[in-house]
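**Q** Before we start, here is the structure in question, set down as structure tokens.
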Amino acid sequence: MTSSGGAGTTRRTQAERTAAMRTRLLDATVQCLVTYGYAGTTTHKVAEVAGVTRGAQVHHFPSREALVVAAIEHLAEQRTQAAIRELGRVQHTPDPIATALDYLWESHQGPIFAATVELWIAARTDPVLAEQVHRVEPIVNGALIGAIAQLLPERPAQRGLRDAAYTAMDVLRGILVASFADPDPTRARRRWDRACVYLRAMLLDALGDDRLT
């Protein structure tokens with residue numbers, strides 16, 4: 001069915017236009033976080049990158065704080081969706097441990113993770129941001145842990161395996177944060193491969209506990 005606005009076209013509702021503008025501004029915020037860092041992510045810069053007027057930006061997000069707080073949740077949604085997409089590209093192999101560790105690596109690549117780190121660092125000295133980060137991080141981490149569980153479908157979920165997966169994420173994130181100041185972009189992967197030798201043993205131990213219960 002078409003609207004009276006013209007053959008073959010459908011007029012968007014006000015709610016749809018509002019949602020589209022908010023998404024446009026939030027995507028621009030993420031882009032600014034990656035390109036300019038948290039300190040350089042100003043409302044003026046976001047409006048410029050989004051290609052909208054300053055008035056349009058203020059209408060939807062009246063302050064930088066409101067914009068960044070909304071961007072935290074927007075980023076969390078993007079990270080969760082990316083985790084699901086990446087899982088869909090994973091090919092099951094006879095070595096599910098290696099598959100799970102490779103999945104973790106791939107799910108932490110790209111600009112979305114870089115923008116997330118900018119917000120993590122800013123949250124250290126900003127209690128409002130810290131509260132929002134604390135609220136959404138368990139959702140994202142839960143999606144990643146759930147994806148790993150799907151890569152190991154024959155293993156019942158249990159605390160030892162979950163703790164091992166969280167430890168692997170902690171190690172990976174530490175390596176990647178340190179790599180931001182490293183001029184050699186390949187060194188992070190080499191450090192992760194080295195760490196995987198020990199993480200693999202830890203995960204195997206957790207799976208061994210599963211077989212004994």
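Going through the structure tokens in order, the chains are called A, B, and so on, while each chain numbers its residues from 1 and the ligands are numbered from 1 in the order shown.
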Let's see if you can do this: from backbone DSSP, list all helix (DSSP H, G or I) residues in segment 28-164 of chain A, as number ranges by chain.
**A** A: 28-36, 43-50, 54-60, 64-89, 96-107, 111-123, 127-151, 159-164
**Q** Write out as a PyMOL selection string the residues lying within 8 Å of Ala71 of chain A, counting only C-alpha atoms and excluding same-chain residues fewer than 4 positions away.
**A** chain A and resi 26+29-30+67+75
**Q** May I have the residues within 9 Å of segment 133-142 of chain A as a list in words, using only C-alpha atoms and disregarding those fewer than 5 positions away in the same chain?
**A**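 Here the answer would be Val69, Ile72, Glu73, Ala76, Glu77, Arg79, Thr80, Ala83, Leu119, Trp120, Ala123, Val128, Ala147, Tyr166 and Met169 of chain A.
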**Q** Give me the residues near Thr99 of chain A as a ChimeraX atom specification, where near means some atom within 8 Å (using only C-alpha atoms) and where sequence neighbours in that chain fewer than 6 positions away do not count.
**A** /A:90-93,151
**Q** Only N, CA and C atoms, please: the residues just picked out, written as a PDB file, in the first residue's frame.
**A**
ATOM      1  N   VAL A  90      31.272 -18.228  11.906  1.00  0.00           N
ATOM      2  CA  VAL A  90      32.203 -19.215  12.455  1.00  0.00           C
ATOM      3  C   VAL A  90      31.880 -20.601  11.903  1.00  0.00           C
ATOM      4  N   GLN A  91      32.908 -21.273  11.451  1.00  0.00           N
ATOM      5  CA  GLN A  91      32.759 -22.645  10.982  1.00  0.00           C
ATOM      6  C   GLN A  91      33.164 -23.592  12.104  1.00  0.00           C
ATOM      7  N   HIS A  92      32.278 -24.496  12.437  1.00  0.00           N
ATOM      8  CA  HIS A  92      32.598 -25.467  13.482  1.00  0.00           C
ATOM      9  C   HIS A  92      33.723 -26.386  13.001  1.00  0.00           C
ATOM     10  N   THR A  93      34.641 -26.679  13.897  1.00  0.00           N
ATOM     11  CA  THR A  93      35.798 -27.504  13.572  1.00  0.00           C
ATOM     12  C   THR A  93      35.937 -28.590  14.640  1.00  0.00           C
ATOM     13  N   LEU A 151      29.341 -22.494  20.616  1.00  0.00           N
ATOM     14  CA  LEU A 151      30.464 -23.140  19.943  1.00  0.00           C
ATOM     15  C   LEU A 151      30.862 -24.441  20.638  1.00  0.00           C
TER      16      LEU A 151
END
**Q** Using only C-alpha atoms, what table do you get, as a Markdown table, when you list each residue of segment 81-100 of chain A with an atom no more than 8 Å from segment 104-108 of chain A, its nearest pair of atoms, and their distance in Å rounded to one decimal, rows by chain then rising number?
**A**
| residue | atom | partner | partner_atom | distance |
| --- | --- | --- | --- | --- |
| A:Ala82 | CA | A:Ser107 | CA | 7.0 |
| A:Ala83 | CA | A:Ser107 | CA | 5.8 |
| A:Glu86 | CA | A:Ser107 | CA | 6.5 |
| A:Ala100 | CA | A:Leu104 | CA | 6.3 |
**Q** Please dump the current selection as an mmCIF file, in the first residue's frame; keep all heavy atoms.
**A**
data_model
loop_
_atom_site.group_PDB
_atom_site.id
_atom_site.type_symbol
_atom_site.label_atom_id
_atom_site.label_comp_id
_atom_site.auth_asym_id
_atom_site.auth_seq_id
_atom_site.Cartn_x
_atom_site.Cartn_y
_atom_site.Cartn_z
ATOM 1 N N ALA A 82 27.128 -7.403 16.580
ATOM 2 C CA ALA A 82 28.349 -7.848 15.912
ATOM 3 C C ALA A 82 28.765 -9.227 16.409
ATOM 4 O O ALA A 82 29.254 -10.057 15.633
ATOM 5 C CB ALA A 82 29.473 -6.835 16.146
ATOM 6 N N ALA A 83 28.572 -9.476 17.704
ATOM 7 C CA ALA A 83 28.906 -10.790 18.255
ATOM 8 C C ALA A 83 28.053 -11.874 17.617
ATOM 9 O O ALA A 83 28.538 -12.966 17.287
ATOM 10 C CB ALA A 83 28.706 -10.784 19.775
ATOM 11 N N GLU A 86 29.208 -12.322 13.936
ATOM 12 C CA GLU A 86 30.476 -13.036 13.864
ATOM 13 C C GLU A 86 30.273 -14.524 14.142
ATOM 14 O O GLU A 86 30.902 -15.376 13.516
ATOM 15 C CB GLU A 86 31.474 -12.440 14.864
ATOM 16 C CG GLU A 86 32.884 -12.964 14.724
ATOM 17 C CD GLU A 86 33.468 -12.699 13.346
ATOM 18 O OE1 GLU A 86 33.237 -11.609 12.796
ATOM 19 O OE2 GLU A 86 34.147 -13.602 12.830
ATOM 20 N N ALA A 100 36.640 -21.135 19.560
ATOM 21 C CA ALA A 100 36.131 -20.162 20.524
ATOM 22 C C ALA A 100 37.122 -19.018 20.725
ATOM 23 O O ALA A 100 36.733 -17.847 20.799
ATOM 24 C CB ALA A 100 35.824 -20.846 21.850
#
**Q** Could you list, as a list in words, every residue within 10 Å of Ala28 of chain A, counting only C-alpha atoms and ignoring same-chain residues fewer than 4 positions away?
**A**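 Contacts, in chain order: Arg22, Thr23, Arg24, Cys32, Leu33, Val34, Thr41, Lys45, Val46, Ala47, Glu48, Val49, Ala50, Gly51 and Ala71 of chain A.
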**Q** Please dump the current selection as an mmCIF file, in the first residue's frame; keep all heavy atoms.
**A**
data_model
loop_
_atom_site.group_PDB
_atom_site.id
_atom_site.type_symbol
_atom_site.label_atom_id
_atom_site.label_comp_id
_atom_site.auth_asym_id
_atom_site.auth_seq_id
_atom_site.Cartn_x
_atom_site.Cartn_y
_atom_site.Cartn_z
ATOM 1 N N ARG A 22 18.108 10.123 15.419
ATOM 2 C CA ARG A 22 18.859 9.724 16.614
ATOM 3 C C ARG A 22 19.955 8.717 16.241
ATOM 4 O O ARG A 22 21.097 8.836 16.706
ATOM 5 C CB ARG A 22 17.924 9.125 17.661
ATOM 6 C CG ARG A 22 17.060 10.157 18.379
ATOM 7 C CD ARG A 22 16.082 9.478 19.326
ATOM 8 N NE ARG A 22 16.780 8.743 20.370
ATOM 9 C CZ ARG A 22 17.167 9.276 21.533
ATOM 10 N NH1 ARG A 22 16.918 10.555 21.798
ATOM 11 N NH2 ARG A 22 17.801 8.547 22.427
ATOM 12 N N THR A 23 19.612 7.761 15.397
ATOM 13 C CA THR A 23 20.606 6.776 14.971
ATOM 14 C C THR A 23 21.730 7.446 14.202
ATOM 15 O O THR A 23 22.913 7.113 14.382
ATOM 16 C CB THR A 23 19.939 5.698 14.107
ATOM 17 O OG1 THR A 23 18.953 5.009 14.889
ATOM 18 C CG2 THR A 23 20.961 4.689 13.598
ATOM 19 N N ARG A 24 21.376 8.405 13.357
ATOM 20 C CA ARG A 24 22.382 9.136 12.584
ATOM 21 C C ARG A 24 23.351 9.866 13.507
ATOM 22 O O ARG A 24 24.573 9.835 13.299
ATOM 23 C CB ARG A 24 21.669 10.114 11.662
ATOM 24 C CG ARG A 24 22.565 10.882 10.702
ATOM 25 C CD ARG A 24 21.681 11.673 9.752
ATOM 26 N NE ARG A 24 22.430 12.473 8.817
ATOM 27 C CZ ARG A 24 21.869 13.193 7.853
ATOM 28 N NH1 ARG A 24 20.547 13.198 7.714
ATOM 29 N NH2 ARG A 24 22.617 13.913 7.026
ATOM 30 N N CYS A 32 33.137 9.695 15.740
ATOM 31 C CA CYS A 32 33.974 10.715 16.369
ATOM 32 C C CYS A 32 34.853 10.109 17.461
ATOM 33 O O CYS A 32 36.023 10.487 17.611
ATOM 34 C CB CYS A 32 33.109 11.827 16.951
ATOM 35 S SG CYS A 32 32.417 12.955 15.721
ATOM 36 N N LEU A 33 34.304 9.190 18.238
ATOM 37 C CA LEU A 33 35.086 8.542 19.287
ATOM 38 C C LEU A 33 36.286 7.816 18.686
ATOM 39 O O LEU A 33 37.394 7.861 19.237
ATOM 40 C CB LEU A 33 34.213 7.555 20.065
ATOM 41 C CG LEU A 33 33.201 8.166 21.034
ATOM 42 C CD1 LEU A 33 32.209 7.103 21.501
ATOM 43 C CD2 LEU A 33 33.896 8.801 22.236
ATOM 44 N N VAL A 34 36.072 7.172 17.561
ATOM 45 C CA VAL A 34 37.159 6.441 16.901
ATOM 46 C C VAL A 34 38.174 7.408 16.306
ATOM 47 O O VAL A 34 39.384 7.216 16.435
ATOM 48 C CB VAL A 34 36.595 5.521 15.806
ATOM 49 C CG1 VAL A 34 37.725 4.863 15.012
ATOM 50 C CG2 VAL A 34 35.692 4.456 16.414
ATOM 51 N N THR A 41 35.359 14.456 20.965
ATOM 52 C CA THR A 41 33.969 14.194 20.576
ATOM 53 C C THR A 41 33.074 15.261 21.192
ATOM 54 O O THR A 41 32.534 15.095 22.286
ATOM 55 C CB THR A 41 33.532 12.783 21.013
ATOM 56 O OG1 THR A 41 34.404 11.820 20.405
ATOM 57 C CG2 THR A 41 32.107 12.479 20.580
ATOM 58 N N LYS A 45 31.230 18.769 16.728
ATOM 59 C CA LYS A 45 31.876 17.821 15.820
ATOM 60 C C LYS A 45 30.900 16.717 15.417
ATOM 61 O O LYS A 45 30.872 16.296 14.250
ATOM 62 C CB LYS A 45 33.119 17.223 16.492
ATOM 63 C CG LYS A 45 33.899 16.254 15.608
ATOM 64 C CD LYS A 45 34.409 16.908 14.346
ATOM 65 C CE LYS A 45 35.531 17.881 14.652
ATOM 66 N NZ LYS A 45 36.120 18.435 13.414
ATOM 67 N N VAL A 46 30.102 16.236 16.355
ATOM 68 C CA VAL A 46 29.132 15.188 16.036
ATOM 69 C C VAL A 46 28.121 15.690 15.003
ATOM 70 O O VAL A 46 27.794 14.990 14.037
ATOM 71 C CB VAL A 46 28.414 14.705 17.307
ATOM 72 C CG1 VAL A 46 27.211 13.820 16.959
ATOM 73 C CG2 VAL A 46 29.380 13.939 18.200
ATOM 74 N N ALA A 47 27.611 16.910 15.203
ATOM 75 C CA ALA A 47 26.665 17.475 14.240
ATOM 76 C C ALA A 47 27.306 17.608 12.868
ATOM 77 O O ALA A 47 26.671 17.331 11.835
ATOM 78 C CB ALA A 47 26.175 18.832 14.736
ATOM 79 N N GLU A 48 28.568 18.013 12.843
ATOM 80 C CA GLU A 48 29.274 18.162 11.565
ATOM 81 C C GLU A 48 29.420 16.814 10.867
ATOM 82 O O GLU A 48 29.158 16.692 9.663
ATOM 83 C CB GLU A 48 30.653 18.769 11.825
ATOM 84 C CG GLU A 48 31.530 18.905 10.589
ATOM 85 C CD GLU A 48 32.923 19.406 10.943
ATOM 86 O OE1 GLU A 48 33.061 20.198 11.890
ATOM 87 O OE2 GLU A 48 33.873 18.970 10.264
ATOM 88 N N VAL A 49 29.855 15.790 11.607
ATOM 89 C CA VAL A 49 30.046 14.461 11.015
ATOM 90 C C VAL A 49 28.709 13.869 10.568
ATOM 91 O O VAL A 49 28.620 13.207 9.534
ATOM 92 C CB VAL A 49 30.750 13.530 12.022
ATOM 93 C CG1 VAL A 49 30.750 12.087 11.532
ATOM 94 C CG2 VAL A 49 32.183 14.002 12.269
ATOM 95 N N ALA A 50 27.660 14.111 11.346
ATOM 96 C CA ALA A 50 26.333 13.594 11.000
ATOM 97 C C ALA A 50 25.720 14.343 9.827
ATOM 98 O O ALA A 50 24.758 13.861 9.213
ATOM 99 C CB ALA A 50 25.410 13.677 12.208
ATOM 100 N N GLY A 51 26.233 15.537 9.546
ATOM 101 C CA GLY A 51 25.682 16.333 8.453
ATOM 102 C C GLY A 51 24.338 16.947 8.789
ATOM 103 O O GLY A 51 23.474 17.078 7.924
ATOM 104 N N ALA A 71 25.028 7.124 23.463
ATOM 105 C CA ALA A 71 25.979 6.407 22.602
ATOM 106 C C ALA A 71 26.486 5.140 23.275
ATOM 107 O O ALA A 71 26.792 4.155 22.593
ATOM 108 C CB ALA A 71 27.151 7.317 22.242
#
**Q** Choose the residue, out of A:Pro94, A:Gly40, A:Ala20, A:Ala164, that has the smallest atom-to-atom separation from His60 of chain A; count only C-alpha atoms.
**A** A:Ala20
**Q** Within 6 Å of Ser179 of chain A, counting only C-alpha atoms, which residues qualify if same-chain residues fewer than 3 places away don't, as a PyMOL selection string?
**A** chain A and resi 176+182+188
**Q** Would you mind reading off the distance between atom CA of Arg200 of chain A and atom CA of Ala98 of chain A, one decimal, in Å?
**A**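 Those two atoms sit 7.6 Å apart.
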**Q** Quick check, in Å to one decimal: how far apart do atom CA of Gly208 of chain A and atom CA of Arg89 of chain A lie?
**A**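 Result for atom CA of Gly208 of chain A versus atom CA of Arg89 of chain A: 27.2 Å, one decimal.
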